[in-house]
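J.: Shown below is the structure under consideration.
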Amino acid sequence: METTAHFENIPQELAKRLNAATQEIVVAVAWFTDPELFDVLCRQAGRGVRVRLAVLNDHINVGPGRLNFPRLRDCGGEVFLITAGGNRDPIMHHKFCVIDRATVIIGSYNWTRRAQDNDESITIIAGEEGDTGIAPDYLNAFDALLSKHGQSTPAIDQAQLRRRLEIIRNLLLLEEWDTLGPQLDKLRPATRLQPLFTALDDR
């Protein structure tokens with residue numbers, strides 16, 4: 001487990017970590033207007049990395065000239081718009097990211113263009129597979145946030161899931177290991193199948 005603090009070049013450091021993800025990216029950030037970081041999330045979702053993003057549903061994030069969040073959904077990502085409420089209501093003010101259920105990024109930095117000019121910081125607690133550290137705590141906080149605001153991960157299409165599992169079964173029987181990975185990546189949203197992924201990864 002390695003912990004580093006960053007006070008400069010924060011967007012570049014975030015992009016580097018996001019691009020290194022191979023399985024999952026979970027982001028809860030109050031405000032998100034940085035198009036370069038958004039492009040990274042869209043590319044990663046398009047490659048089969050599971051991307052889950054929660055942002056405030058307010059005028060800073062949503063509206064004309066803002067990021068095209070439906071584009072991330074079209075790439076296979078999941079976007080959760082959290083109700084901002086009134087002026088006196090508490091708001092979602094998180095700024096954290098969990099990569100591959102092991103690395104956690106926290107700090108004061110919102111993922112916005114304006115934040116690039118502010119005095120901001122992030123801390124990266126980088127774990128490795130099997131060395132999750134505090135990552136489960138932040139993943140639980142993300143799920144609790146969705147539950148609190150009446151949102152949840154979209155349901156898995158059971159028929160499509162069965163067809164995908166049949167394809168994987170046949171690839172295993174044929175021992176076509178090179179083509180197995182992309183099929184497994186398409187199942188990443190079905191988190192309840194994690195024991196299957198673990199067993200296959202250990203082959």
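In the structure tokens, the first chain shown is A, the next is B, and so on; residue numbers restart at 1 for each chain, and ligands run from 1 in the order shown.
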Env of range 94-99 of chain A: 7 Å cut, atoms = only C-alpha atoms, seq-sep filter 5 positions within chain, self excluded. Answer as a PyMOL selection string.
T.: chain A and resi 21+24-30+104-110+135
J.: Keeping only all heavy atoms, write those residues as a compact mmCIF listing (two decimals), in the first residue's frame.
T.:
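That gives us selection.txt:
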# COMPACT_ATOMS: atom_id res chain seq x y z
N ALA A 21 -6.89 1.79 -15.01
CA ALA A 21 -7.93 0.88 -14.50
C ALA A 21 -8.16 -0.26 -15.49
O ALA A 21 -8.17 -0.05 -16.71
CB ALA A 21 -9.22 1.64 -14.26
N GLU A 24 -12.71 -1.66 -12.88
CA GLU A 24 -13.81 -0.83 -12.38
C GLU A 24 -13.32 0.54 -11.94
O GLU A 24 -12.23 0.67 -11.36
CB GLU A 24 -14.49 -1.54 -11.20
CG GLU A 24 -15.70 -0.80 -10.65
CD GLU A 24 -16.33 -1.53 -9.48
OE1 GLU A 24 -15.60 -1.86 -8.51
OE2 GLU A 24 -17.54 -1.78 -9.52
N ILE A 25 -14.13 1.55 -12.22
CA ILE A 25 -13.90 2.92 -11.73
C ILE A 25 -15.19 3.39 -11.08
O ILE A 25 -16.26 3.35 -11.71
CB ILE A 25 -13.53 3.87 -12.88
CG1 ILE A 25 -12.23 3.44 -13.56
CG2 ILE A 25 -13.42 5.31 -12.37
CD1 ILE A 25 -11.95 4.18 -14.86
N VAL A 26 -15.12 3.82 -9.84
CA VAL A 26 -16.27 4.36 -9.11
C VAL A 26 -15.93 5.78 -8.68
O VAL A 26 -14.92 5.99 -8.00
CB VAL A 26 -16.61 3.49 -7.87
CG1 VAL A 26 -17.74 4.11 -7.07
CG2 VAL A 26 -16.97 2.07 -8.32
N VAL A 27 -16.76 6.73 -9.09
CA VAL A 27 -16.48 8.15 -8.80
C VAL A 27 -17.72 8.79 -8.17
O VAL A 27 -18.82 8.68 -8.70
CB VAL A 27 -16.13 8.93 -10.09
CG1 VAL A 27 -15.84 10.39 -9.75
CG2 VAL A 27 -14.96 8.29 -10.82
N ALA A 28 -17.50 9.46 -7.05
CA ALA A 28 -18.52 10.32 -6.45
C ALA A 28 -17.89 11.69 -6.28
O ALA A 28 -16.94 11.85 -5.50
CB ALA A 28 -19.00 9.77 -5.11
N VAL A 29 -18.35 12.65 -7.06
CA VAL A 29 -17.76 13.99 -7.01
C VAL A 29 -18.88 15.00 -7.19
O VAL A 29 -19.73 14.86 -8.07
CB VAL A 29 -16.66 14.15 -8.08
CG1 VAL A 29 -17.20 13.96 -9.49
CG2 VAL A 29 -15.94 15.48 -7.96
N ALA A 30 -18.89 16.01 -6.31
CA ALA A 30 -20.00 16.97 -6.32
C ALA A 30 -20.13 17.65 -7.68
O ALA A 30 -21.22 17.70 -8.26
CB ALA A 30 -19.81 18.00 -5.21
N VAL A 104 -7.67 4.19 -3.87
CA VAL A 104 -8.62 5.24 -3.49
C VAL A 104 -7.98 6.60 -3.70
O VAL A 104 -6.82 6.81 -3.33
CB VAL A 104 -9.05 5.09 -2.01
CG1 VAL A 104 -9.96 6.24 -1.59
CG2 VAL A 104 -9.74 3.75 -1.79
N ILE A 105 -8.74 7.52 -4.31
CA ILE A 105 -8.29 8.90 -4.51
C ILE A 105 -9.27 9.80 -3.78
O ILE A 105 -10.48 9.77 -4.05
CB ILE A 105 -8.23 9.27 -6.00
CG1 ILE A 105 -7.33 8.30 -6.77
CG2 ILE A 105 -7.75 10.71 -6.17
CD1 ILE A 105 -7.35 8.50 -8.27
N ILE A 106 -8.76 10.59 -2.85
CA ILE A 106 -9.60 11.50 -2.07
C ILE A 106 -8.93 12.87 -2.02
O ILE A 106 -7.75 13.01 -2.35
CB ILE A 106 -9.82 10.98 -0.63
CG1 ILE A 106 -8.47 10.68 0.05
CG2 ILE A 106 -10.70 9.74 -0.63
CD1 ILE A 106 -8.59 10.24 1.49
N GLY A 107 -9.67 13.89 -1.61
CA GLY A 107 -9.10 15.23 -1.47
C GLY A 107 -10.13 16.31 -1.67
O GLY A 107 -11.33 16.06 -1.75
N SER A 108 -9.65 17.52 -1.82
CA SER A 108 -10.54 18.67 -1.96
C SER A 108 -10.93 18.94 -3.40
O SER A 108 -11.81 19.76 -3.66
CB SER A 108 -9.85 19.93 -1.39
OG SER A 108 -8.68 20.24 -2.15
N TYR A 109 -10.31 18.26 -4.33
CA TYR A 109 -10.40 18.59 -5.75
C TYR A 109 -11.70 18.11 -6.38
O TYR A 109 -11.97 16.91 -6.47
CB TYR A 109 -9.22 17.97 -6.49
CG TYR A 109 -9.06 18.42 -7.92
CD1 TYR A 109 -8.43 19.63 -8.22
CD2 TYR A 109 -9.53 17.65 -8.97
CE1 TYR A 109 -8.27 20.04 -9.53
CE2 TYR A 109 -9.37 18.05 -10.29
CZ TYR A 109 -8.74 19.26 -10.56
OH TYR A 109 -8.59 19.66 -11.86
N ASN A 110 -12.53 19.07 -6.85
CA ASN A 110 -13.65 18.73 -7.72
C ASN A 110 -13.11 18.57 -9.13
O ASN A 110 -12.14 19.22 -9.52
CB ASN A 110 -14.71 19.85 -7.69
CG ASN A 110 -15.65 19.71 -6.51
OD1 ASN A 110 -16.36 18.73 -6.37
ND2 ASN A 110 -15.63 20.72 -5.65
N ALA A 135 -10.58 0.77 0.45
CA ALA A 135 -11.44 0.81 -0.73
C ALA A 135 -12.86 0.31 -0.45
O ALA A 135 -13.84 0.93 -0.88
CB ALA A 135 -10.81 0.04 -1.89
J.: Going by DSSP on the backbone, which residues of range 12-195 of chain A come out as helix (DSSP H, G or I)? List them as a PyMOL selection string.
T.: chain A and resi 12-19+35-46+69-74+114-117+135-148+158-174+177-185+191-195
J.: Looking at only C-alpha atoms, which of A:His149, A:Arg101, A:Arg17, A:Arg71 is the one that sits closest to Asn57 in chain A?
T.: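 Looking at the shortest contact to Asn57 in chain A, the residue is A:His149.
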J.: Could you check which of A:Leu56, A:Val40, A:Met1, A:Ala102 is closest to Ala15 in chain A, using only C-alpha atoms?
T.: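 Going through A:Leu56, A:Val40, A:Met1, A:Ala102 one by one, the smallest distance to Ala15 in chain A is for A:Val40.
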J.: Compare A:His6, A:Arg113, A:Arg169, A:Arg50 by their minimum atom-to-atom distance to Cys75 in chain A, counting only C-alpha atoms, and give me the closest one.
T.: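 Using only C-alpha atoms, the shortest distance to Cys75 in chain A belongs to A:Arg50.
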J.: Separation of CA of Phe32 in chain A and CA of Val55 in chain A, in Å?
T.: 7.0 Å
J.: Give me the residues within 10 Å of Asp58 in chain A as a ChimeraX atom specification, counting only C-alpha atoms and dropping any in the same chain fewer than 5 places off.
T.: /A:30-31,63,81-85
J.: Pick from A:His93, A:Arg88, A:Arg162, A:Arg47: nearest to Thr22 in chain A, with only C-alpha atoms counted?
T.: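 Comparing A:His93, A:Arg88, A:Arg162, A:Arg47 against Thr22 in chain A, the winner is A:Arg47.
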J.: What are the DSSP strand (DSSP E or B) residues of range 28-66 of chain A, as a compact mmCIF listing (two decimals) with C-alpha atoms, in the first residue's frame?
T.:
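Once everything was written out, this is selection.txt:
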# COMPACT_ATOMS: atom_id res chain seq x y z
CA ALA A 28 -18.52 10.32 -6.45
CA VAL A 29 -17.76 13.99 -7.01
CA PHE A 32 -17.68 17.52 -12.72
CA ARG A 50 -17.20 -0.82 -15.36
CA VAL A 51 -17.63 2.92 -14.74
CA ARG A 52 -20.04 4.26 -12.11
CA LEU A 53 -20.33 8.01 -11.64
CA ALA A 54 -22.40 10.00 -9.12
CA VAL A 55 -22.63 13.81 -9.46
CA LEU A 56 -24.99 16.52 -8.28
CA ASN A 57 -27.99 17.21 -10.48
J.: Rounded to one decimal, what separation in Å do you get between CA of Gln23 in chain A and CA of Gly48 in chain A?
T.: 7.7 Å
J.: Which polymer residues have any atom within 8 Å of an atom of Leu14 in chain A, counting only C-alpha atoms, with same-chain residues fewer than 4 positions away left out, as a PyMOL selection string?
T.: chain A and resi 10+18+37
J.: Take the residues from that selection and put them in a file with C-alpha atoms, as a compact mmCIF listing (two decimals), in the first residue's frame.
T.:
# COMPACT_ATOMS: atom_id res chain seq x y z
CA ILE A 10 -3.89 16.99 -10.45
CA LEU A 18 -8.10 6.30 -14.55
CA LEU A 37 -11.36 13.49 -17.51
J.: May I ask which of the residues A:Arg66, A:Glu175, A:Gly77, A:His59 is the closest one to Gly46 in chain A, counting only C-alpha atoms?
T.: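 Once distances to Gly46 in chain A are computed over only C-alpha atoms, the minimum belongs to A:Gly77.
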J.: Using only C-alpha atoms, find the one residue out of A:Ile122, A:Ala141, A:Leu184, A:Leu41 that sits nearest to Val79 in chain A.
T.: A:Leu41
